[in-house]
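Peer 1: Just upload.txt, nothing more (compact mmCIF, C-alpha atoms):
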```txt
# COMPACT_ATOMS: atom_id res chain seq x y z
CA MET Y 6 15.86 -5.82 9.99
CA ALA Y 7 19.49 -6.92 10.40
CA ILE Y 8 19.29 -9.17 7.36
CA GLY Y 9 17.74 -6.35 5.35
CA LEU Y 10 20.44 -3.87 6.35
CA ILE Y 11 23.16 -6.33 5.38
CA MET Y 12 21.54 -7.02 2.00
CA ALA Y 13 21.19 -3.33 1.23
CA ALA Y 14 24.68 -2.42 2.48
CA MET Y 15 26.29 -5.13 0.32
CA ASN Y 16 25.01 -3.41 -2.81
CA ILE Y 17 25.10 0.26 -1.86
CA GLY Y 18 28.06 1.96 -3.47
CA GLY Y 19 28.90 -1.14 -5.46
CA HIS Y 20 27.40 0.13 -8.71
CA HIS Y 21 28.82 2.35 -11.41
CA GLU Y 22 26.70 5.03 -13.02
CA VAL Y 23 25.58 4.30 -16.55
CA ALA Y 24 24.23 6.73 -19.08
CA GLY Y 25 20.50 7.14 -18.54
CA ALA Y 26 19.84 9.49 -21.42
CA ALA Y 27 18.83 6.72 -23.77
CA HIS Y 28 16.36 5.37 -21.24
CA GLY Y 29 14.97 8.83 -20.56
CA ALA Y 30 14.61 9.73 -24.22
CA ALA Y 31 13.04 6.41 -25.16
CA GLU Y 32 10.51 6.50 -22.35
CA HIS Y 33 9.93 10.24 -22.13
CA GLY Y 34 6.25 9.85 -23.01
CA ALA Y 35 5.64 8.78 -19.42
CA GLY Y 36 7.81 11.51 -17.97
CA ALA Y 37 10.58 9.09 -17.03
CA GLY Y 38 14.23 10.02 -16.73
CA ALA Y 39 15.29 13.57 -16.07
CA SER Y 40 18.36 12.80 -18.13
CA ALA Y 41 16.23 13.32 -21.23
CA HIS Y 42 16.25 17.02 -20.37
CA GLY Y 43 19.91 17.17 -19.47
CA SER Y 44 19.53 17.14 -15.66
CA GLU Y 45 21.93 14.84 -13.89
CA HIS Y 46 20.75 11.97 -11.74
CA ALA Y 47 22.36 10.76 -8.53
CA PRO Y 48 24.47 7.56 -8.74
CA ILE Y 49 22.48 4.43 -9.49
CA TRP Y 50 22.87 2.95 -6.00
CA LEU Y 51 21.52 6.14 -4.43
CA ARG Y 52 18.59 6.33 -6.86
CA ARG Y 53 17.81 2.69 -6.09
CA LEU Y 54 17.94 3.45 -2.38
CA PHE Y 55 15.55 6.40 -2.74
CA ALA Y 56 13.16 4.38 -4.90
CA SER Y 57 13.19 1.36 -2.59
CA LEU Y 58 12.67 3.52 0.50
CA TRP Y 59 9.72 5.19 -1.22
CA GLN Y 60 8.24 1.92 -2.46
CA SER Y 61 8.37 0.06 0.85
CA ASN Y 62 7.22 3.05 2.88
CA VAL Y 63 4.22 3.71 0.63
CA PHE Y 64 3.34 0.01 0.84
CA PHE Y 65 3.54 -0.22 4.65
CA LEU Y 66 1.99 3.20 5.22
CA GLY Y 67 -1.01 2.11 3.16
CA ILE Y 68 -1.33 -1.16 5.09
CA SER Y 69 -1.09 0.77 8.34
CA ALA Y 70 -3.98 3.05 7.37
CA VAL Y 71 -6.00 0.03 6.21
CA GLY Y 72 -6.02 -1.18 9.81
CA THR Y 73 -8.07 1.88 10.74
CA VAL Y 74 -10.22 1.51 7.62
CA PHE Y 75 -10.96 -2.08 8.67
CA VAL Y 76 -12.05 -0.92 12.13
CA ALA Y 77 -14.13 1.94 10.72
CA ILE Y 78 -15.95 -0.15 8.12
CA HIS Y 79 -16.88 -2.84 10.62
CA THR Y 80 -17.95 -0.20 13.11
CA VAL Y 81 -20.40 1.58 10.79
CA ALA Y 82 -21.63 -1.81 9.54
CA TYR Y 83 -22.39 -2.93 13.12
CA ALA Y 84 -20.30 -6.05 12.44
CA GLY Y 85 -19.90 -8.30 15.45
CA TRP Y 86 -17.74 -11.15 14.15
CA SER Y 87 -14.63 -9.00 13.66
CA ILE Y 88 -14.36 -7.81 17.28
CA MET Y 89 -12.00 -10.71 17.96
CA VAL Y 90 -9.43 -9.20 15.57
CA ARG Y 91 -10.24 -5.52 16.15
CA ARG Y 92 -7.18 -4.89 18.33
CA ILE Y 93 -4.92 -6.30 15.61
CA ALA Y 94 -6.36 -3.83 13.10
CA GLU Y 95 -6.00 -1.00 15.63
CA ALA Y 96 -2.33 -1.93 16.16
CA PHE Y 97 -1.56 -1.65 12.45
CA SER Y 98 -1.94 2.13 12.59
CA ALA Y 99 1.20 2.39 14.74
CA TRP Y 100 3.24 2.91 11.56
CA ILE Y 101 1.28 5.90 10.23
CA LEU Y 102 3.19 8.64 12.04
CA PRO Y 103 6.72 7.20 11.61
CA GLY Y 104 5.89 6.32 8.01
CA GLY Y 105 4.70 9.86 7.37
CA ILE Y 106 7.91 11.33 8.76
CA ILE Y 107 10.04 8.98 6.65
CA MET Y 108 8.01 9.92 3.57
CA LEU Y 109 8.69 13.62 4.05
CA ILE Y 110 12.41 13.01 4.59
CA VAL Y 111 12.76 10.81 1.50
CA PHE Y 112 10.73 13.22 -0.63
CA PHE Y 113 12.96 16.19 0.17
CA ALA Y 114 16.21 14.19 0.10
CA SER Y 115 15.54 12.55 -3.27
CA GLY Y 116 15.00 15.73 -5.29
CA HIS Y 117 14.09 14.96 -8.90
CA ASN Y 118 15.44 11.39 -8.66
CA LEU Y 119 11.96 10.13 -7.75
CA PHE Y 120 9.66 12.70 -9.31
CA HIS Y 121 10.40 14.00 -12.79
CA TRP Y 122 8.20 17.06 -12.24
CA ARG Y 123 10.71 18.31 -9.64
CA THR Y 124 13.42 18.76 -12.29
CA GLU Y 125 14.80 22.31 -12.24
CA GLY Y 126 13.08 24.59 -14.76
CA ILE Y 127 10.72 21.94 -16.07
CA MET Y 128 7.72 24.23 -15.61
CA GLU Y 129 9.45 27.47 -16.69
CA PRO Y 130 8.86 28.53 -20.33
CA GLY Y 131 12.13 29.16 -22.10
CA HIS Y 132 14.17 26.96 -19.78
CA PRO Y 133 16.11 24.12 -21.52
CA ASN Y 134 14.27 21.61 -19.29
CA TYR Y 135 10.81 23.04 -20.03
CA ASP Y 136 8.03 20.49 -20.58
CA ALA Y 137 4.68 21.93 -21.68
CA ILE Y 138 2.63 18.93 -20.52
CA ILE Y 139 4.14 18.92 -17.04
CA ALA Y 140 3.89 22.71 -16.85
CA GLY Y 141 0.17 22.35 -17.47
CA LYS Y 142 -0.05 20.40 -14.22
CA ALA Y 143 1.77 23.03 -12.18
CA GLY Y 144 -1.38 24.00 -10.31
CA PHE Y 145 -1.48 20.56 -8.74
CA LEU Y 146 2.12 19.36 -8.92
CA ASN Y 147 3.95 22.14 -7.14
CA LEU Y 148 6.14 21.72 -4.10
CA GLY Y 149 4.06 23.66 -1.58
CA PHE Y 150 0.68 22.15 -2.46
CA TYR Y 151 2.15 18.66 -2.77
CA VAL Y 152 3.78 18.73 0.67
CA ALA Y 153 0.66 20.28 2.20
CA ARG Y 154 -1.47 17.45 0.82
CA MET Y 155 0.97 14.86 2.12
CA VAL Y 156 0.95 16.34 5.62
CA VAL Y 157 -2.85 16.72 5.67
CA PHE Y 158 -3.48 13.15 4.49
CA ILE Y 159 -1.11 11.61 7.03
CA ALA Y 160 -2.47 13.86 9.79
CA ILE Y 161 -6.05 12.78 9.00
CA TRP Y 162 -5.13 9.10 9.04
CA TRP Y 163 -3.13 9.46 12.26
CA PHE Y 164 -5.74 11.55 14.09
CA PHE Y 165 -8.67 9.25 13.35
CA SER Y 166 -6.59 6.16 14.10
CA LYS Y 167 -5.67 7.59 17.49
CA ARG Y 168 -9.23 8.71 18.16
CA LEU Y 169 -10.74 5.29 17.46
CA ARG Y 170 -8.01 3.61 19.48
CA ASP Y 171 -8.58 5.93 22.45
CA LEU Y 172 -12.34 5.33 22.39
CA SER Y 173 -11.73 1.58 22.31
CA LEU Y 174 -9.37 1.71 25.30
CA GLN Y 175 -11.75 3.94 27.28
CA GLU Y 176 -14.53 1.47 26.58
CA ASP Y 177 -12.34 -1.27 28.09
CA GLN Y 178 -11.91 0.71 31.28
CA ILE Y 179 -15.37 2.19 31.78
CA GLY Y 180 -17.80 0.09 29.73
CA GLY Y 181 -21.21 1.17 28.51
CA THR Y 182 -22.35 1.94 24.97
CA GLY Y 183 -21.42 5.62 24.85
CA PHE Y 184 -17.96 5.02 23.43
CA TRP Y 185 -19.39 2.70 20.80
CA ASP Y 186 -21.84 5.39 19.71
CA LYS Y 187 -19.02 7.92 19.41
CA SER Y 188 -16.97 5.40 17.44
CA ILE Y 189 -19.73 5.12 14.84
CA ASN Y 190 -19.69 8.88 14.20
CA VAL Y 191 -15.90 9.05 14.11
CA SER Y 192 -15.71 6.06 11.77
CA ALA Y 193 -18.29 7.49 9.36
CA LEU Y 194 -16.42 10.80 9.08
CA PHE Y 195 -13.08 9.04 8.69
CA LEU Y 196 -14.34 6.84 5.85
CA VAL Y 197 -15.52 9.88 3.90
CA LEU Y 198 -12.16 11.61 4.33
CA TYR Y 199 -10.23 8.44 3.61
CA ALA Y 200 -12.13 7.85 0.37
CA VAL Y 201 -10.85 11.20 -0.90
CA SER Y 202 -7.38 11.18 0.66
CA SER Y 203 -6.48 7.61 -0.34
CA SER Y 204 -7.23 8.28 -4.01
CA MET Y 205 -5.36 11.59 -4.01
CA SER Y 206 -2.41 10.07 -2.17
CA ALA Y 207 -2.22 7.39 -4.86
CA TRP Y 208 -2.06 10.12 -7.52
CA ASP Y 209 0.59 12.03 -5.57
CA TRP Y 210 2.82 9.28 -4.22
CA VAL Y 211 2.72 6.81 -7.11
CA MET Y 212 1.04 8.05 -10.29
CA SER Y 213 2.90 11.39 -10.40
CA ILE Y 214 6.15 9.44 -10.79
CA ASP Y 215 5.10 8.83 -14.42
CA THR Y 216 4.21 12.48 -14.80
CA HIS Y 217 2.88 12.52 -18.34
CA TRP Y 218 0.68 9.47 -17.78
CA PHE Y 219 -2.56 9.29 -15.82
CA SER Y 220 -5.40 6.88 -15.17
CA THR Y 221 -8.78 7.72 -13.67
CA MET Y 222 -8.85 4.24 -12.10
CA PHE Y 223 -5.47 4.48 -10.41
CA GLY Y 224 -6.79 5.53 -6.99
CA TRP Y 225 -9.00 2.43 -6.85
CA TYR Y 226 -6.15 0.27 -8.07
CA VAL Y 227 -3.74 1.37 -5.33
CA PHE Y 228 -6.46 1.15 -2.66
CA ALA Y 229 -7.31 -2.41 -3.75
CA SER Y 230 -3.66 -3.38 -3.36
CA TRP Y 231 -3.41 -1.75 0.07
CA TRP Y 232 -6.72 -3.22 1.22
CA VAL Y 233 -6.08 -6.86 0.33
CA SER Y 234 -2.55 -6.58 1.77
CA GLY Y 235 -3.97 -5.21 5.01
CA ILE Y 236 -6.46 -8.07 5.28
CA ALA Y 237 -3.68 -10.57 4.64
CA GLY Y 238 -1.59 -8.91 7.37
CA ILE Y 239 -4.46 -8.98 9.88
CA LEU Y 240 -5.10 -12.64 9.07
CA LEU Y 241 -1.45 -13.63 9.46
CA THR Y 242 -1.17 -11.78 12.77
CA ALA Y 243 -4.33 -13.44 14.09
CA ILE Y 244 -3.02 -16.88 13.14
CA TYR Y 245 0.36 -16.35 14.80
CA LEU Y 246 -1.26 -15.01 17.97
CA LYS Y 247 -3.58 -18.00 18.04
CA GLN Y 248 -0.70 -20.41 17.60
CA ALA Y 249 1.24 -18.62 20.35
CA GLY Y 250 -1.57 -19.31 22.81
CA TYR Y 251 -3.40 -15.99 22.63
CA LEU Y 252 -6.88 -15.20 21.28
CA ARG Y 253 -8.31 -18.46 22.58
CA PHE Y 254 -11.81 -17.46 21.41
CA LEU Y 255 -10.60 -17.00 17.84
CA ASN Y 256 -11.94 -19.95 15.88
CA ALA Y 257 -12.11 -21.34 12.36
CA ASN Y 258 -15.18 -19.21 11.63
CA HIS Y 259 -13.26 -15.98 12.16
CA LEU Y 260 -10.42 -17.24 9.97
CA HIS Y 261 -12.95 -18.34 7.37
CA ASP Y 262 -14.41 -14.83 7.16
CA LEU Y 263 -10.98 -13.23 6.90
CA GLY Y 264 -10.10 -15.78 4.23
CA LYS Y 265 -13.25 -14.87 2.31
CA LEU Y 266 -12.30 -11.19 2.42
CA MET Y 267 -8.81 -11.96 1.17
CA PHE Y 268 -10.21 -14.21 -1.57
CA GLY Y 269 -12.88 -11.71 -2.64
CA PHE Y 270 -10.67 -8.64 -2.73
CA SER Y 271 -7.95 -10.49 -4.63
CA ILE Y 272 -10.59 -10.84 -7.32
CA PHE Y 273 -11.55 -7.16 -6.90
CA TRP Y 274 -7.92 -6.10 -7.37
CA THR Y 275 -7.78 -8.19 -10.53
CA TYR Y 276 -11.00 -6.61 -11.79
CA VAL Y 277 -9.53 -3.12 -11.38
CA TRP Y 278 -6.19 -4.20 -12.87
CA PHE Y 279 -7.87 -5.73 -15.92
CA SER Y 280 -10.27 -2.82 -16.42
CA GLN Y 281 -7.42 -0.32 -16.40
CA PHE Y 282 -5.21 -2.42 -18.68
CA MET Y 283 -7.94 -3.47 -21.12
CA LEU Y 284 -9.21 0.06 -21.77
CA ILE Y 285 -5.71 1.39 -22.37
CA TRP Y 286 -4.78 -1.58 -24.58
CA TYR Y 287 -7.99 -1.29 -26.61
CA ALA Y 288 -7.69 2.48 -27.15
CA ASN Y 289 -3.98 2.13 -28.01
CA LEU Y 290 -3.24 5.83 -27.52
CA PRO Y 291 0.51 6.48 -27.22
CA GLU Y 292 0.19 8.80 -24.20
CA GLU Y 293 -1.70 6.07 -22.32
CA ALA Y 294 -0.06 2.90 -23.65
CA VAL Y 295 3.47 4.04 -22.76
CA TYR Y 296 2.89 3.10 -19.10
CA PHE Y 297 2.30 -0.55 -20.01
CA ASN Y 298 4.89 -0.50 -22.79
CA GLN Y 299 7.49 0.23 -20.13
CA ARG Y 300 6.38 -2.73 -18.05
CA LEU Y 301 5.54 -5.13 -20.86
CA GLY Y 302 8.53 -5.34 -23.16
CA GLY Y 303 10.20 -2.00 -22.41
CA PHE Y 304 13.78 -1.67 -21.16
CA ASP Y 305 14.78 -4.85 -23.04
CA GLY Y 306 12.00 -6.82 -21.37
CA LYS Y 307 13.36 -6.28 -17.85
CA TYR Y 308 9.91 -6.16 -16.26
CA THR Y 309 8.00 -8.49 -18.60
CA TRP Y 310 8.30 -11.61 -16.44
CA LEU Y 311 7.29 -9.63 -13.36
CA PHE Y 312 4.29 -8.21 -15.21
CA PHE Y 313 2.87 -11.73 -15.68
CA PHE Y 314 4.08 -13.03 -12.31
CA ASN Y 315 2.15 -10.17 -10.71
CA LEU Y 316 -1.08 -11.64 -12.06
CA ILE Y 317 -0.20 -15.17 -11.04
CA ILE Y 318 0.72 -14.44 -7.43
CA ASN Y 319 -1.96 -11.81 -6.78
CA PHE Y 320 -4.87 -13.42 -8.62
CA ALA Y 321 -4.42 -16.96 -9.92
CA PHE Y 322 -2.75 -18.35 -6.80
CA PRO Y 323 -5.19 -17.01 -4.13
CA PHE Y 324 -8.17 -17.62 -6.41
CA LEU Y 325 -7.36 -21.28 -7.07
CA VAL Y 326 -6.10 -22.14 -3.58
CA LEU Y 327 -8.91 -20.48 -1.60
CA MET Y 328 -11.79 -21.42 -3.86
CA THR Y 329 -13.17 -24.12 -1.53
CA ARG Y 330 -14.69 -23.59 1.89
CA ASP Y 331 -12.28 -26.03 3.54
CA ALA Y 332 -9.23 -24.16 2.25
CA LYS Y 333 -10.42 -20.96 3.94
CA ARG Y 334 -10.62 -22.80 7.26
CA GLN Y 335 -7.18 -24.45 7.18
CA ILE Y 336 -4.46 -22.47 8.93
CA ILE Y 337 -1.62 -23.74 6.74
CA MET Y 338 -3.41 -22.77 3.53
CA LEU Y 339 -4.31 -19.34 4.88
CA LYS Y 340 -0.74 -18.69 6.00
CA ILE Y 341 0.69 -19.64 2.62
CA VAL Y 342 -1.80 -17.52 0.66
CA ALA Y 343 -1.59 -14.51 3.00
CA THR Y 344 2.21 -14.54 2.77
CA ALA Y 345 2.02 -14.80 -1.02
CA VAL Y 346 -0.46 -11.91 -1.18
CA LEU Y 347 1.81 -9.66 0.88
CA ILE Y 348 4.86 -10.51 -1.24
CA GLY Y 349 2.82 -10.17 -4.42
CA HIS Y 350 1.48 -6.72 -3.63
CA TRP Y 351 4.89 -5.50 -2.49
CA LEU Y 352 6.00 -6.54 -5.97
CA ASP Y 353 2.94 -4.76 -7.38
CA PHE Y 354 4.21 -1.50 -5.88
CA TYR Y 355 7.66 -2.36 -7.25
CA MET Y 356 6.07 -2.51 -10.70
CA MET Y 357 4.27 0.80 -10.17
CA ILE Y 358 7.35 2.71 -9.00
CA MET Y 359 10.60 1.27 -10.39
CA PRO Y 360 10.13 1.66 -14.19
CA GLY Y 361 9.30 5.35 -13.79
CA THR Y 362 12.16 6.13 -11.39
CA LEU Y 363 14.97 3.80 -12.42
CA GLN Y 364 13.96 2.71 -15.94
CA GLY Y 365 16.18 -0.32 -16.63
CA ASP Y 366 18.57 0.22 -13.71
CA SER Y 367 16.47 -1.39 -10.98
CA GLY Y 368 17.37 -4.56 -9.12
CA PHE Y 369 16.24 -6.61 -6.14
CA ILE Y 370 18.96 -6.88 -3.49
CA ILE Y 371 18.78 -3.30 -2.18
CA GLU Y 372 15.02 -3.30 -2.68
CA ILE Y 373 14.37 -6.54 -0.79
CA GLY Y 374 16.80 -5.50 1.95
CA THR Y 375 15.00 -2.19 2.38
CA GLY Y 376 11.66 -3.99 2.41
CA LEU Y 377 12.85 -6.28 5.22
CA VAL Y 378 14.00 -3.29 7.28
CA PHE Y 379 10.56 -1.70 6.90
CA LEU Y 380 8.85 -4.99 7.71
CA GLY Y 381 10.89 -5.30 10.89
CA GLY Y 382 10.13 -1.72 11.91
CA PHE Y 383 6.43 -2.18 11.21
CA LEU Y 384 6.30 -5.39 13.25
CA LEU Y 385 8.16 -3.81 16.16
CA LEU Y 386 5.70 -0.94 16.46
CA MET Y 387 2.65 -3.07 15.74
CA THR Y 388 3.46 -5.77 18.29
CA LYS Y 389 4.41 -3.17 20.89
CA ARG Y 390 0.96 -1.61 20.51
CA LEU Y 391 -0.65 -5.05 20.72
CA SER Y 392 1.07 -5.59 24.06
CA GLN Y 393 -0.28 -2.34 25.54
CA ALA Y 394 -3.90 -3.44 25.92
CA SER Y 395 -6.11 -6.49 26.10
CA LEU Y 396 -6.13 -8.42 22.82
CA VAL Y 397 -9.92 -8.60 23.09
CA PRO Y 398 -12.09 -5.47 23.69
CA VAL Y 399 -13.70 -6.91 26.81
CA ASN Y 400 -16.48 -4.32 27.17
CA HIS Y 401 -17.41 -4.01 23.51
CA PRO Y 402 -21.19 -4.39 23.00
CA PHE Y 403 -20.66 -7.12 20.39
CA VAL Y 404 -17.90 -9.11 22.08
CA GLU Y 405 -20.24 -12.00 22.96
CA GLU Y 406 -21.42 -12.20 19.39
CA SER Y 407 -17.80 -12.48 18.25
CA VAL Y 408 -16.97 -15.14 20.83
CA HIS Y 409 -19.85 -17.32 19.62
CA HIS Y 410 -19.44 -16.47 15.92
CA THR Y 411 -20.34 -19.22 13.46
CA THR Y 412 -20.51 -19.35 9.66
```
As structure tokens - that is how I would like this structure written.

Peer 2:
Amino acid sequence: MAIGLIMAAMNIGGHHEVAGAAHGAAEHGAGAGASAHGSEHAPIWLRRLFASLWQSNVFFLGISAVGTVFVAIHTVAYAGWSIMVRRIAEAFSAWILPGGIIMLIVFFASGHNLFHWRTEGIMEPGHPNYDAIIAGKAGFLNLGFYVARMVVFIAIWWFFSKRLRDLSLQEDQIGGTGFWDKSINVSALFLVLYAVSSSMSAWDWVMSIDTHWFSTMFGWYVFASWWVSGIAGILLTAIYLKQAGYLRFLNANHLHDLGKLMFGFSIFWTYVWFSQFMLIWYANLPEEAVYFNQRLGGFDGKYTWLFFFNLIINFAFPFLVLMTRDAKRQIIMLKIVATAVLIGHWLDFYMMIMPGTLQGDSGFIIEIGTGLVFLGGFLLLMTKRLSQASLVPVNHPFVEESVHHTT
């Protein structure tokens, strides 16, 4: 966190504003750049700070919720092997409430610097900033409804995370199968609500940045990125706990299964990425293709290298390295790939957010510094929660199955 603060502080205030009108006018098809309508942006350093705060918070908030999704899926599936890492997944949800509060603060503080649809008068006929396409989305993209959705989604994720955690801790103290039965019902309801809220949150928090553009696959795309990042985080945490002398019943079979999940869902993310890109490329409709034009050759090619690096680090690298059974059972290989996946999908969110908010004015020092601050905060809360209960749910009905798990 200290390193991140220093990195961000070194660059904040050290930039001079440049004219963004050319960027906004050139890329207006995606709703980028309020300057195209004559509204003034904040200084570049402040816009970069808003965008980096939003990017890292959306990334870590999604990973935090994935911890609860992991618990819920394995609960309704009656999975026994994952009980050894259940408490790690439960601990991930510690960031949901703080992340939600930060999201609200950044949203209100940033004004139209993050979301083009918040530009003054953009939905008012006759106003100089009026945009007919964005005005047509006023029923969904309006301040009251947007904030209400944000609060409801975060509240749902936080409530069900707390409920499953409480049932798990009560089971530790009292035992029996009653808490397990309740967990199944709670998990089933949560998964239904999460399926809806995660897709809609992706539309709200990421896709609405490029207001003119939309993709019916975008909810799946963002979820895939969150999900594989969450699995990588759970795997890394399990490895470090094991190496620190904890989780003595965690064995190569548990790591193998986590490695298979990370391997498989890296391929799933690539499938969604390719399906979305290929359909838009093949149709070649200007209102759709502008999103990829920005990232593949737009802004003087600023994001082109990152566009291809995104595929290498998030697909080619984990696919080739984890292809064999032995690789998924070697701690060093799993640590390298899990770290790469987390960095890669943080960059994936960078690619989703920065071109639409900053056009060609983005950088990496403030953004990486902000990401390190969020990583430190996430780890502080997550490890504190880990320390508050047994690392193994001792009275769980399937704990013996997990202890003796083999693959």

Peer 1: Between CA of Gly361 (chain Y) and CA of Asp215 (chain Y), what is the spacing in Å?

Peer 2: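 One can read the CA of Asp215 (chain Y) to CA of Gly361 (chain Y) distance as 5.5 Å.
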
Peer 1: Need the shell around Gly67 (chain Y): protein/DNA/RNA residues with any atom at most 9 Å away, counting all atoms listed in the file. Skip same-chain ones fewer than 4 positions apart. Format as a list in words?

Peer 2: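 Residues near the query, excluding close chain neighbours: Asn62, Val63, Val71, Gly72, Ile101, Ser203, Val227, Phe228, Ser230, Trp231, Trp232, Ser234 and Gly235 of chain Y.
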
Peer 1: Tell me which of Y:Met212, Y:Ala153, Y:Ala96, Y:Ile239 sits closest to Met356 (chain Y), counting only C-alpha atoms.

Peer 2: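 Of all the options, Y:Met212 lies closest to Met356 (chain Y).
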
Peer 1: Using only C-alpha atoms, collect all residues at a distance of at most 8 Å from (-18.0, -3.4, 30.0) as written in the file, then present them as a PDB file with C-alpha atoms, in the frame of the given file.

Peer 2:
```pdb
ATOM      1  CA  GLU Y 176     -14.530   1.470  26.580  1.00  0.00           C
ATOM      2  CA  ASP Y 177     -12.340  -1.270  28.090  1.00  0.00           C
ATOM      3  CA  GLN Y 178     -11.910   0.710  31.280  1.00  0.00           C
ATOM      4  CA  ILE Y 179     -15.370   2.190  31.780  1.00  0.00           C
ATOM      5  CA  GLY Y 180     -17.800   0.090  29.730  1.00  0.00           C
ATOM      6  CA  GLY Y 181     -21.210   1.170  28.510  1.00  0.00           C
ATOM      7  CA  VAL Y 399     -13.700  -6.910  26.810  1.00  0.00           C
ATOM      8  CA  ASN Y 400     -16.480  -4.320  27.170  1.00  0.00           C
ATOM      9  CA  HIS Y 401     -17.410  -4.010  23.510  1.00  0.00           C
ATOM     10  CA  PRO Y 402     -21.190  -4.390  23.000  1.00  0.00           C
TER      11      PRO Y 402
END
```

Peer 1: Fewer than 3 positions away in the same chain doesn't count, so skip those; otherwise give me all residues within 10 Å of Gln299 (chain Y), counting all atoms listed in the file, as a ChimeraX atom specification.

Peer 2: /Y:31-32,35,37,294-296,302-309,356,360-361,364-365

Peer 1: Using all atoms listed in the file, pick whichever of Y:Trp163, Y:Phe120, Y:Phe219, Y:Tyr83 has the shortest atom-to-atom distance to Ile285 (chain Y).

Peer 2: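 Counting all atoms listed in the file, the residue closest to Ile285 (chain Y) is Y:Phe219.
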
Peer 1: Here is a test: counting only C-alpha atoms, which residue of Y:Tyr287, Y:Phe279, Y:Gly269, Y:Trp59 is nearest to Phe354 (chain Y)?

Peer 2: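 Between Y:Tyr287, Y:Phe279, Y:Gly269, Y:Trp59, the residue approaching Phe354 (chain Y) most closely is Y:Trp59.
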
Peer 1: Here is a test: counting all atoms listed in the file, which residue of Y:Leu263, Y:Arg154, Y:Ser271, Y:Ile138 is nearest to Leu347 (chain Y)?

Peer 2: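 Of the candidates, the smallest distance to Leu347 (chain Y) is held by Y:Ser271.
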
Peer 1: Quick one: residues within 10 Å of Lys142 (chain Y), only C-alpha atoms counted, chain neighbours fewer than 5 positions away excluded, as a ChimeraX atom specification?

Peer 2: /Y:122,128,137,147,216-217

Peer 1: Go through Y:Gly250, Y:Thr275, Y:Thr412, Y:Ile127 and flag the residue nearest Trp225 (chain Y), using only C-alpha atoms for the distances.

Peer 2: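 Closest candidate: Y:Thr275.
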
Peer 1: Using all atoms listed in the file, which of the listed residues (Y:Ala394, Y:Ile348, Y:Ile139, Y:Met155) sits closest to Asp171 (chain Y)?

Peer 2: Y:Ala394

Peer 1: Given the point (-4.7, 4.5, -13.6) in the file's coordinates, find the residues that have an atom at most 9 Å from it, counting all atoms listed in the file, and give them as a PyMOL selection string.

Peer 2: chain Y and resi 208+212+218-227+278+281-282

Peer 1: May I have the selected residues written with C-alpha atoms, as a PDB file, in the coordinates of the input?

Peer 2:
```pdb
ATOM      1  CA  TRP Y 208      -2.060  10.120  -7.520  1.00  0.00           C
ATOM      2  CA  MET Y 212       1.040   8.050 -10.290  1.00  0.00           C
ATOM      3  CA  TRP Y 218       0.680   9.470 -17.780  1.00  0.00           C
ATOM      4  CA  PHE Y 219      -2.560   9.290 -15.820  1.00  0.00           C
ATOM      5  CA  SER Y 220      -5.400   6.880 -15.170  1.00  0.00           C
ATOM      6  CA  THR Y 221      -8.780   7.720 -13.670  1.00  0.00           C
ATOM      7  CA  MET Y 222      -8.850   4.240 -12.100  1.00  0.00           C
ATOM      8  CA  PHE Y 223      -5.470   4.480 -10.410  1.00  0.00           C
ATOM      9  CA  GLY Y 224      -6.790   5.530  -6.990  1.00  0.00           C
ATOM     10  CA  TRP Y 225      -9.000   2.430  -6.850  1.00  0.00           C
ATOM     11  CA  TYR Y 226      -6.150   0.270  -8.070  1.00  0.00           C
ATOM     12  CA  VAL Y 227      -3.740   1.370  -5.330  1.00  0.00           C
ATOM     13  CA  TRP Y 278      -6.190  -4.200 -12.870  1.00  0.00           C
ATOM     14  CA  GLN Y 281      -7.420  -0.320 -16.400  1.00  0.00           C
ATOM     15  CA  PHE Y 282      -5.210  -2.420 -18.680  1.00  0.00           C
TER      16      PHE Y 282
END
```

Peer 1: For a test of reading the model, state the distance in Å between CA of Val342 (chain Y) and CA of Leu316 (chain Y), rounded to one decimal.

Peer 2: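 For CA of Val342 (chain Y) relative to CA of Leu316 (chain Y), the distance reads 14.0 Å.
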
Peer 1: Could you pull the residues within 8 Å of Ser57 (chain Y), counting only C-alpha atoms, minus those fewer than 2 positions along the same chain, as number ranges by chain?

Peer 2: Y: 53-55, 59-61, 371-372, 375-376

Peer 1: How many Å separate CA of Glu405 (chain Y) from CA of Leu384 (chain Y)?

Peer 2: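 Those two atoms sit 29.0 Å apart.
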
Peer 1: Tell me, as a PyMOL selection string, which residues lie within 10 Å of Trp286 (chain Y), counting all atoms listed in the file; anything in the same chain fewer than 6 positions away does not count.

Peer 2: chain Y and resi 280+293-294+297-298

Peer 1: Please rebuild region 392-396 of chain Y with N, CA and C atoms and return the result as an mmCIF file, in the frame of the given file.

Peer 2:
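out.cif, freshly written:
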```
data_model
loop_
_atom_site.group_PDB
_atom_site.id
_atom_site.type_symbol
_atom_site.label_atom_id
_atom_site.label_comp_id
_atom_site.auth_asym_id
_atom_site.auth_seq_id
_atom_site.Cartn_x
_atom_site.Cartn_y
_atom_site.Cartn_z
ATOM 1 N N SER Y 392 0.758 -5.215 22.676
ATOM 2 C CA SER Y 392 1.070 -5.590 24.060
ATOM 3 C C SER Y 392 0.568 -4.576 25.089
ATOM 4 N N GLN Y 393 0.084 -3.422 24.619
ATOM 5 C CA GLN Y 393 -0.280 -2.340 25.540
ATOM 6 C C GLN Y 393 -1.728 -2.388 26.011
ATOM 7 N N ALA Y 394 -2.499 -3.334 25.514
ATOM 8 C CA ALA Y 394 -3.900 -3.440 25.920
ATOM 9 C C ALA Y 394 -4.368 -4.870 25.735
ATOM 10 N N SER Y 395 -5.531 -5.169 26.279
ATOM 11 C CA SER Y 395 -6.110 -6.490 26.100
ATOM 12 C C SER Y 395 -6.285 -6.791 24.617
ATOM 13 N N LEU Y 396 -5.991 -8.035 24.214
ATOM 14 C CA LEU Y 396 -6.130 -8.420 22.820
ATOM 15 C C LEU Y 396 -7.594 -8.545 22.405
#
```
